[in-house]
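The file upload07.cif comes next; it holds mmCIF, C-alpha atoms.
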data_final
#
loop_
_atom_site.label_atom_id
_atom_site.label_comp_id
_atom_site.auth_asym_id
_atom_site.auth_seq_id
_atom_site.Cartn_x
_atom_site.Cartn_y
_atom_site.Cartn_z
CA MET A 1 119.55 94.27 127.45
CA SER A 2 121.00 91.95 124.81
CA VAL A 3 119.44 89.12 122.86
CA THR A 4 120.61 86.14 120.83
CA VAL A 5 118.84 85.50 117.54
CA ILE A 6 118.93 81.91 116.32
CA GLY A 7 118.04 81.01 112.75
CA ILE A 8 116.01 77.84 112.30
CA GLY A 9 114.75 76.03 109.24
CA ALA A 10 111.70 73.92 108.42
CA ASP A 11 113.66 70.89 109.64
CA GLY A 12 113.48 72.32 113.16
CA TRP A 13 115.62 71.05 116.01
CA ASP A 14 117.21 68.25 113.97
CA GLY A 15 118.64 70.73 111.48
CA LEU A 16 120.31 72.98 114.04
CA PRO A 17 124.08 72.86 114.63
CA PRO A 18 125.37 72.25 118.19
CA ALA A 19 126.10 75.94 118.81
CA SER A 20 122.52 76.95 118.01
CA ARG A 21 121.09 74.16 120.15
CA HIS A 22 123.29 75.25 123.06
CA GLU A 23 122.06 78.84 122.81
CA ILE A 24 118.44 77.74 122.85
CA GLU A 25 118.97 75.40 125.80
CA SER A 26 120.62 78.19 127.81
CA CYS A 27 117.74 80.65 127.31
CA GLU A 28 115.36 81.63 130.08
CA VAL A 29 112.97 83.21 127.59
CA LEU A 30 112.52 82.21 123.97
CA MET A 31 110.55 84.40 121.57
CA GLY A 32 109.32 83.63 118.09
CA SER A 33 106.28 82.69 116.07
CA ALA A 34 104.07 79.94 117.44
CA ARG A 35 105.20 77.69 114.58
CA GLN A 36 108.88 78.25 115.37
CA LEU A 37 108.45 77.76 119.12
CA ASP A 38 106.79 74.39 118.46
CA LEU A 39 109.92 73.22 116.63
CA VAL A 40 112.21 73.18 119.70
CA PRO A 41 112.19 71.38 123.07
CA GLY A 42 113.04 73.03 126.38
CA GLY A 43 111.68 74.31 129.68
CA PHE A 44 112.17 78.03 129.00
CA ASP A 45 109.34 80.56 128.92
CA ARG A 46 107.89 80.62 125.40
CA VAL A 47 106.69 84.02 124.22
CA PRO A 48 104.87 84.02 120.86
CA TRP A 49 105.05 87.19 118.84
CA PRO A 50 102.12 89.60 119.26
CA SER A 51 100.48 91.22 116.26
CA PRO A 52 101.44 93.82 115.17
CA LEU A 53 104.97 92.93 116.25
CA VAL A 54 107.17 95.97 115.69
CA PRO A 55 105.23 98.49 117.86
CA ALA A 56 105.04 95.95 120.70
CA LEU A 57 108.69 94.87 120.56
CA PRO A 58 110.28 97.50 122.86
CA GLY A 59 107.80 96.83 125.66
CA LEU A 60 108.08 93.08 125.20
CA LEU A 61 111.85 93.17 125.57
CA GLU A 62 111.64 95.52 128.54
CA ARG A 63 109.38 93.09 130.41
CA HIS A 64 112.09 90.44 130.20
CA ALA A 65 115.09 92.66 130.94
CA GLY A 66 117.74 90.92 133.05
CA ARG A 67 116.94 87.46 131.71
CA ARG A 68 118.67 85.43 129.00
CA VAL A 69 116.49 86.11 125.99
CA GLY A 70 116.64 84.18 122.74
CA VAL A 71 114.74 84.87 119.54
CA LEU A 72 113.92 82.32 116.86
CA ALA A 73 113.99 83.46 113.24
CA SER A 74 113.31 81.72 109.96
CA GLY A 75 116.55 80.95 108.14
CA ASP A 76 119.01 83.83 108.15
CA PRO A 77 117.75 86.43 110.68
CA MET A 78 119.54 89.23 108.84
CA PHE A 79 117.84 88.51 105.51
CA HIS A 80 114.38 90.12 105.58
CA GLY A 81 114.23 88.89 109.18
CA ILE A 82 113.74 89.88 112.79
CA GLY A 83 117.50 90.25 113.25
CA THR A 84 117.61 93.52 111.32
CA THR A 85 114.66 94.87 113.32
CA LEU A 86 116.37 94.07 116.62
CA VAL A 87 119.66 95.63 115.49
CA ARG A 88 117.83 98.86 114.62
CA LEU A 89 116.15 98.80 118.02
CA LEU A 90 119.01 97.72 120.29
CA GLY A 91 122.19 98.34 118.28
CA ALA A 92 124.51 95.78 116.74
CA SER A 93 126.58 95.35 119.92
CA ARG A 94 123.54 94.02 121.83
CA VAL A 95 122.35 91.52 119.26
CA ARG A 96 124.15 88.22 118.66
CA VAL A 97 123.07 86.37 115.52
CA LEU A 98 123.47 82.68 114.70
CA PRO A 99 122.30 82.36 111.10
CA HIS A 100 120.81 79.32 109.38
CA PRO A 101 120.68 78.84 105.59
CA SER A 102 118.04 81.20 104.22
CA SER A 103 115.11 80.03 102.14
CA VAL A 104 116.72 81.85 99.23
CA SER A 105 119.96 79.86 99.61
CA LEU A 106 117.99 76.62 99.79
CA ALA A 107 115.88 77.57 96.77
CA CYS A 108 118.96 78.30 94.68
CA ALA A 109 120.48 75.00 95.77
CA ARG A 110 117.37 73.11 94.64
CA LEU A 111 117.09 74.97 91.33
CA GLY A 112 120.78 75.07 90.47
CA TRP A 113 120.69 78.87 90.29
CA ALA A 114 123.65 81.07 91.14
CA LEU A 115 122.71 83.00 94.28
CA ASP A 116 124.75 86.02 93.19
CA ASP A 117 122.80 86.27 89.92
CA VAL A 118 119.26 86.20 91.33
CA ALA A 119 116.99 89.11 92.26
CA VAL A 120 115.10 88.68 95.53
CA VAL A 121 111.80 90.46 96.21
CA SER A 122 109.93 90.30 99.52
CA LEU A 123 106.18 90.75 99.21
CA VAL A 124 105.48 90.04 102.89
CA GLY A 125 102.75 92.54 103.73
CA LYS A 126 103.37 94.36 100.44
CA PRO A 127 101.61 94.60 97.06
CA ALA A 128 102.53 92.16 94.33
CA ALA A 129 103.24 95.06 91.94
CA LEU A 130 106.68 95.45 93.56
CA VAL A 131 107.90 92.53 91.49
CA VAL A 132 107.29 94.34 88.17
CA PRO A 133 110.60 96.33 87.99
CA HIS A 134 112.51 93.04 88.39
CA LEU A 135 110.90 91.30 85.42
CA HIS A 136 113.43 91.47 82.61
CA PRO A 137 114.02 89.08 79.70
CA GLY A 138 115.84 85.94 80.80
CA ARG A 139 116.25 87.05 84.43
CA ARG A 140 115.63 84.91 87.48
CA VAL A 141 113.71 86.21 90.49
CA LEU A 142 112.91 84.66 93.86
CA VAL A 143 109.80 86.06 95.52
CA LEU A 144 109.07 85.75 99.24
CA GLY A 145 105.57 85.91 100.72
CA ALA A 146 103.89 85.93 97.32
CA ASN A 147 100.47 84.92 96.13
CA PRO A 148 101.56 82.84 93.11
CA ARG A 149 98.47 83.70 91.10
CA GLU A 150 99.03 87.45 91.57
CA VAL A 151 102.64 87.16 90.41
CA ALA A 152 101.58 85.01 87.45
CA ALA A 153 99.16 87.73 86.35
CA LEU A 154 102.02 90.26 86.33
CA ALA A 155 104.41 87.94 84.48
CA PRO A 156 102.21 85.94 82.08
CA ASP A 157 105.12 84.64 79.98
CA ALA A 158 107.27 83.53 82.93
CA ARG A 159 107.83 80.01 84.23
CA LEU A 160 106.91 79.81 87.93
CA THR A 161 108.10 77.19 90.42
CA VAL A 162 106.80 76.81 93.97
CA LEU A 163 109.31 75.58 96.57
CA GLU A 164 107.59 74.66 99.83
CA GLN A 165 108.88 73.88 103.32
CA LEU A 166 112.49 73.97 102.13
CA GLY A 167 114.83 71.83 104.19
CA GLY A 168 112.02 70.10 106.09
CA PRO A 169 110.39 66.70 105.82
CA ALA A 170 107.41 68.18 103.95
CA GLU A 171 109.58 69.83 101.28
CA ARG A 172 107.93 69.93 97.86
CA VAL A 173 108.87 71.54 94.55
CA HIS A 174 106.12 71.89 91.95
CA HIS A 175 104.43 74.19 89.42
CA SER A 176 100.87 74.27 90.75
CA LEU A 177 99.88 77.83 91.69
CA ASP A 178 96.64 77.06 93.48
CA ASP A 179 97.71 74.94 96.47
CA ALA A 180 100.98 76.52 97.58
CA ASP A 181 101.92 76.04 101.23
CA PRO A 182 102.13 79.37 103.13
CA LEU A 183 105.82 78.64 103.81
CA HIS A 184 107.13 78.82 100.26
CA VAL A 185 109.47 80.63 97.89
CA LEU A 186 108.26 81.42 94.39
CA ALA A 187 110.86 81.12 91.63
CA VAL A 188 110.25 83.20 88.49
CA GLU A 189 112.09 82.54 85.25
CA CYS A 190 111.25 85.57 83.14
CA GLY A 191 110.25 85.28 79.51
CA ALA A 192 110.81 87.82 76.77
CA ASP A 193 108.64 90.56 78.28
CA GLY A 194 109.90 93.28 80.59
CA ALA A 195 110.69 96.98 80.52
CA SER A 196 113.93 98.86 80.98
CA VAL A 197 114.46 100.81 84.20
CA THR A 198 116.28 103.53 82.26
CA PRO A 199 114.14 106.70 82.37
CA GLY A 200 112.28 107.64 79.22
CA ARG A 201 109.43 105.17 78.96
CA PRO A 202 106.98 105.72 76.09
CA ASP A 203 104.32 108.30 76.88
CA ASP A 204 101.55 105.75 76.43
CA SER A 205 102.99 103.76 79.34
CA PHE A 206 101.25 106.30 81.57
CA GLU A 207 97.59 107.05 82.03
CA HIS A 208 97.30 110.83 81.63
CA ASP A 209 95.10 113.73 80.54
CA GLY A 210 97.85 115.57 78.69
CA GLN A 211 99.61 116.78 81.87
CA LEU A 212 102.65 114.61 81.32
CA THR A 213 106.37 115.33 81.05
CA LYS A 214 107.03 113.95 77.59
CA ARG A 215 109.41 111.08 77.02
CA GLU A 216 112.49 112.92 75.73
CA VAL A 217 112.21 115.75 78.27
CA ARG A 218 111.52 113.23 81.03
CA ALA A 219 114.73 111.33 80.27
CA VAL A 220 116.76 114.55 80.45
CA THR A 221 114.97 115.65 83.62
CA LEU A 222 115.75 112.36 85.40
CA ALA A 223 119.38 112.63 84.32
CA LEU A 224 119.55 116.09 85.94
CA LEU A 225 117.79 114.88 89.09
CA ALA A 226 120.42 112.11 89.25
CA PRO A 227 118.64 109.61 91.52
CA ARG A 228 120.84 107.64 93.90
CA PRO A 229 119.83 104.58 95.95
CA GLY A 230 117.91 105.47 99.09
CA GLU A 231 117.09 109.05 98.09
CA LEU A 232 113.73 110.81 98.37
CA LEU A 233 112.19 112.96 95.62
CA TRP A 234 109.47 115.56 95.81
CA ASP A 235 107.53 115.65 92.52
CA VAL A 236 105.69 118.97 92.84
CA GLY A 237 102.77 119.57 90.48
CA ALA A 238 103.12 115.92 89.54
CA GLY A 239 100.42 115.66 86.86
CA ALA A 240 100.50 111.98 85.86
CA GLY A 241 103.39 111.27 88.24
CA SER A 242 105.74 110.17 85.47
CA ILE A 243 108.83 111.77 87.06
CA ALA A 244 108.13 110.18 90.46
CA VAL A 245 107.47 106.80 88.84
CA GLU A 246 110.64 106.81 86.77
CA TRP A 247 112.68 108.04 89.74
CA CYS A 248 111.50 105.10 91.86
CA ARG A 249 112.09 102.58 89.09
CA THR A 250 115.82 103.38 89.00
CA HIS A 251 116.40 101.52 92.29
CA PRO A 252 114.12 99.69 94.75
CA SER A 253 115.26 101.91 97.63
CA CYS A 254 114.41 105.20 95.90
CA ARG A 255 111.30 106.91 97.28
CA ALA A 256 109.06 109.70 96.03
CA ILE A 257 106.29 111.97 97.25
CA ALA A 258 104.05 113.25 94.45
CA VAL A 259 102.16 116.47 95.20
CA GLU A 260 99.15 117.21 93.02
CA ARG A 261 96.25 119.58 93.68
CA HIS A 262 93.71 117.87 91.40
CA PRO A 263 92.19 114.79 93.11
CA GLU A 264 91.50 113.00 89.82
CA ARG A 265 95.12 113.43 88.75
CA ALA A 266 96.30 112.31 92.18
CA ALA A 267 94.28 109.11 91.78
CA ARG A 268 95.83 108.64 88.35
CA ILE A 269 99.33 108.90 89.86
CA THR A 270 98.51 106.04 92.22
CA ARG A 271 97.28 103.90 89.34
CA ASN A 272 100.39 104.65 87.27
CA ALA A 273 102.67 103.85 90.19
CA THR A 274 100.97 100.51 90.79
CA ALA A 275 100.89 99.54 87.13
CA LEU A 276 104.60 100.28 86.71
CA GLY A 277 105.73 98.46 89.85
CA VAL A 278 106.38 101.27 92.32
CA PRO A 279 103.21 101.31 94.47
CA GLY A 280 105.03 102.85 97.42
CA ILE A 281 104.91 106.37 95.99
CA GLU A 282 103.18 108.67 98.48
CA VAL A 283 100.60 110.92 96.86
CA VAL A 284 99.67 114.19 98.60
CA VAL A 285 96.59 116.02 97.38
CA GLY A 286 96.94 119.76 97.88
CA SER A 287 98.23 123.03 96.50
CA SER A 288 101.84 124.10 96.87
CA PRO A 289 103.49 125.52 98.87
CA GLY A 290 100.90 124.78 101.57
CA ALA A 291 101.06 121.02 100.92
CA LEU A 292 104.84 120.89 101.21
CA ASP A 293 105.16 120.30 104.96
CA LEU A 294 106.86 116.99 104.21
CA GLU A 295 109.97 114.96 104.94
CA PRO A 296 113.02 116.87 103.59
CA PRO A 297 113.93 115.61 100.11
CA ASP A 298 117.22 114.78 98.45
CA ALA A 299 115.89 116.13 95.16
CA VAL A 300 112.93 118.20 94.02
CA PHE A 301 111.25 118.42 90.64
CA ILE A 302 108.82 121.27 90.02
CA GLY A 303 106.72 120.41 87.02
CA GLY A 304 103.59 122.39 87.79
CA GLY A 305 102.64 125.41 89.87
CA LEU A 306 105.97 127.09 89.28
CA THR A 307 104.45 130.59 89.23
CA ALA A 308 102.60 130.14 92.55
CA GLU A 309 103.97 132.42 95.23
CA GLY A 310 106.46 130.73 97.56
CA VAL A 311 106.79 127.36 95.76
CA VAL A 312 110.42 127.70 94.71
CA GLU A 313 111.38 129.20 98.08
CA ARG A 314 109.80 126.33 100.00
CA CYS A 315 111.37 123.67 97.78
CA TRP A 316 114.83 125.26 97.96
CA ASP A 317 114.66 125.64 101.74
CA ALA A 318 113.55 122.01 102.15
CA VAL A 319 116.06 120.21 99.93
CA ARG A 320 118.95 118.65 101.82
CA PRO A 321 122.54 119.87 101.41
CA GLY A 322 123.99 118.25 98.31
CA GLY A 323 120.47 117.88 96.91
CA ARG A 324 119.25 118.94 93.49
CA LEU A 325 116.33 121.09 92.41
CA VAL A 326 115.11 120.80 88.82
CA ALA A 327 112.27 122.87 87.39
CA ASN A 328 110.77 122.81 83.89
CA ALA A 329 108.96 125.72 82.23
CA VAL A 330 106.92 125.84 79.02
CA THR A 331 105.28 129.28 79.34
CA LEU A 332 106.87 132.72 79.26
CA GLU A 333 105.60 133.41 82.78
CA SER A 334 107.14 130.27 84.27
CA GLU A 335 110.31 130.80 82.25
CA ALA A 336 110.60 134.28 83.79
CA VAL A 337 110.48 132.65 87.25
CA LEU A 338 113.35 130.33 86.33
CA THR A 339 115.39 133.20 84.91
CA ARG A 340 114.93 135.19 88.11
CA TRP A 341 115.91 132.28 90.34
CA HIS A 342 118.86 131.41 88.14
CA GLY A 343 120.11 134.95 88.64
CA ARG A 344 119.73 134.55 92.39
CA LEU A 345 121.05 131.02 93.00
CA GLY A 346 122.99 130.19 89.86
CA GLY A 347 122.88 126.67 88.47
CA ASP A 348 122.33 125.64 84.86
CA LEU A 349 119.67 126.86 82.46
CA SER A 350 119.01 124.95 79.24
CA ARG A 351 116.34 124.68 76.60
CA ILE A 352 115.12 121.38 75.19
CA GLU A 353 113.48 121.37 71.79
CA VAL A 354 112.15 118.10 70.39
CA SER A 355 110.57 117.31 67.04
CA ARG A 356 108.80 114.06 66.29
CA ALA A 357 108.28 112.51 62.89
CA THR A 358 104.59 112.49 61.94
CA ALA A 359 102.55 111.71 58.86
CA ILE A 360 101.88 114.58 56.46
CA GLY A 361 99.52 113.19 53.87
CA GLY A 362 101.40 110.31 52.28
CA PHE A 363 104.75 111.61 53.49
CA THR A 364 106.56 112.09 56.82
CA GLY A 365 107.68 115.36 58.35
CA TRP A 366 108.91 116.83 61.61
CA ARG A 367 106.37 118.21 64.06
CA PRO A 368 108.02 120.34 66.78
CA GLN A 369 106.93 120.00 70.40
CA MET A 370 106.74 123.00 72.70
CA PRO A 371 110.27 123.94 73.86
CA VAL A 372 111.00 123.34 77.54
CA THR A 373 113.31 125.48 79.63
CA THR A 374 115.03 123.54 82.39
CA TRP A 375 116.81 124.86 85.46
CA LEU A 376 119.11 122.74 87.62
CA VAL A 377 120.64 123.98 90.86
CA THR A 378 122.49 122.00 93.52
CA LYS A 379 122.54 123.05 97.18
CA GLU A 380 126.07 123.22 98.48
CA ARG A 381 127.09 121.17 101.48
CA SER A 382 128.07 123.24 104.50
#
Please rewrite the model in this file as structure tokens.
Amino acid sequence: MSVTVIGIGADGWDGLPPASRHEIESCEVLMGSARQLDLVPGGFDRVPWPSPLVPALPGLLERHAGRRVGVLASGDPMFHGIGTTLVRLLGASRVRVLPHPSSVSLACARLGWALDDVAVVSLVGKPAALVVPHLHPGRRVLVLGANPREVAALAPDARLTVLEQLGGPAERVHHSLDDADPLHVLAVECGADGASVTPGRPDDSFEHDGQLTKREVRAVTLALLAPRPGELLWDVGAGAGSIAVEWCRTHPSCRAIAVERHPERAARITRNATALGVPGIEVVVGSSPGALDLEPPDAVFIGGGLTAEGVVERCWDAVRPGGRLVANAVTLESEAVLTRWHGRLGGDLSRIEVSRATAIGGFTGWRPQMPVTTWLVTKERS
């Protein structure tokens, strides 16, 4: 079957162009939220969305196969909307989309912001912490589906504006965070606070018990892992999860699975991920390689458990063609493992030695950290 998706704003029927009105009037079945369905006249069958929607959608469409089906969507259906879900389900050739100005476009018009210079974060059904990586000095962010008070707590020096019912008769723009209409966009003008997304955050940014890839080594390790948008990382023997966290902070579409055998450290990884704005990191509690029956990764970092039998084999077998495996060693035993695997698979071996300036009485001297041997190998594409 095929469907037509019609974008509609808070102004309802009056704000629709003739082509969108014609599509609605020609429908036999019209689907959408109860609020959207109440905005339009017509004698078609009205089907409000069930909850949860996505699992029920294939059966719902099947029940109305052979009829002219229309779907109402808020604003632009292809911008965090039902249009993208339907395209994934039916294919682009079976979905016709008639967009309406999105809430983001309307918000920028009201604020005088350049749409191409604004970050947009959807918190619909997601934790507020996702906004954290977008908070940079002087930047502008539009947040969808937010609890304004939760965002304010994460960005205490930012100026927040609530834009309600954009385009409709009840439109209101204000700065009160306690009485926001559910249908709103939250505009965030960032202050001076904010952290870089370049890997190598200070060690005290992470809660840890000493099992942490230190700042300088972490920056080099992330450079070798070379995260690209949309890629998945396995962080094996994750410790505090600093590699997984910094991987995910490089781009919102990057994902990570952190594997850690100690439950208390696993819980710490979750706290670090949330605090640093990447709460979507999946944490697996278990010992490797037994815990590595996971989605194939684009990159693997082995930071702990390197000497356990079968860990390197399992990681190398799992990584996708073109993917990278990086392992760090600080003991002679783990270094011997890397040397053996380097002889078998090739790649690059390097040693990182870092000294930090520390107080020596009333003076300052260099205190060396433990050297770290790093192995990088890339799986060839067939």
| field | Who sits within 9 Å of Gly280 of chain A, all atoms listed in the file, same chain under 6 positions skipped, as a ChimeraX atom specification | value | /A:127,130,248,255-256,270,273-274
| field | Selection dump of the PyMOL selection byres ((chain A and resi 58-75) around 8), as an MDAnalysis selection string | value | chainID A and resid 1:9 23:24 26:33 36:37 54:57 76:77 81:83 89 99:103
| request: Could you please give me, as a PyMOL selection string, the residues of protein, DNA or RNA lying at most 6 Å from (111.5, 120.7, 69.3) in the coordinate frame of the file, considering all atoms listed in the file? | output: chain A and resi 353-355+368-369+371
| message | With the PyMOL selection byres ((chain A and resi 201) around 10) as the selection, what would be picked from this file? Answer as a VMD selection string, please. | response | chain A and resid 195 to 200 202 to 206 214 to 216 218 to 219 242 246
| said: Here is a test: counting all atoms listed in the file, which residue of A:His22, A:Arg249, A:Arg351, A:Arg324 is nearest to Leu224 of chain A? | reply: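 Of the candidates, the smallest distance to Leu224 of chain A is held by A:Arg324.
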| So what does the PyMOL selection byres ((chain A and resi 187) around 7) actually pick up in this one, as JSON, numbers by chain? | {"A": [141, 142, 143, 160, 161, 162, 185, 186, 188, 189]}
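Taking atom CA of Ala223 of chain A as the reference point, atom CA of Ser382 of chain A is found at 24.4 Å.
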| query | What would the list of residues within 7 Å of (106.5, 121.8, 88.8) (file frame) look like as a list in words, if only C-alpha atoms are what count? | reply |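 Answer for this query, in the requested form: Val236, Gly237, Ala238, Phe301, Ile302, Gly303, Gly304, Gly305, Leu306, Ala327 and Asn328 of chain A.
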| Could you name the residues that touch His174 of chain A at 12 Å or less, counting all atoms listed in the file, but leaving out those on the same chain fewer than 2 positions away, as a VMD selection string? | chain A and resid 110 to 111 148 159 to 165 171 to 172 176 to 181 184 to 187
| Suppose you want the space between atom CA of Leu349 of chain A and atom CA of Val245 of chain A; what is it in Å? | 24.3 Å
| message | Using all atoms listed in the file for the distances, tell me which of A:Leu166, A:Leu39, A:Ala158, A:Ala244 is nearest to Ala192 of chain A. | response |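 Among the listed residues, the smallest separation from Ala192 of chain A belongs to A:Ala158.
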| said: Using all atoms listed in the file, which protein or nucleic acid residues come within 9 Å of Met78 of chain A? Drop anything in the same chain fewer than 6 positions from it, and give the result as a ChimeraX atom specification. | reply: /A:84-85,97,99
Requested write-out: C-alpha atoms of the selected residues, as a CSV table (one decimal), in the frame of the given file:
chain,number,residue,atom,x,y,z
A,84,THR,CA,117.6,93.5,111.3
A,85,THR,CA,114.7,94.9,113.3
A,97,VAL,CA,123.1,86.4,115.5
A,99,PRO,CA,122.3,82.4,111.1
| request: Have a look at atom CA of Gly346 of chain A and atom CA of Ala329 of chain A and let me know their distance in Å, one decimal. | output: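 Between these atoms lies a distance of 16.6 Å.
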| query | So which one's closest to Leu232 of chain A, A:Ile281, A:Val377, A:Leu154, A:Ala109? Using only C-alpha atoms, please. | reply |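 Answer, going by the shortest atom-to-atom distance: A:Ile281.
Of the listed residues (A:Arg268, A:Gly241, A:Asn147, A:Glu231), A:Glu231 comes nearest to Gly322 of chain A; the distances count only C-alpha atoms.
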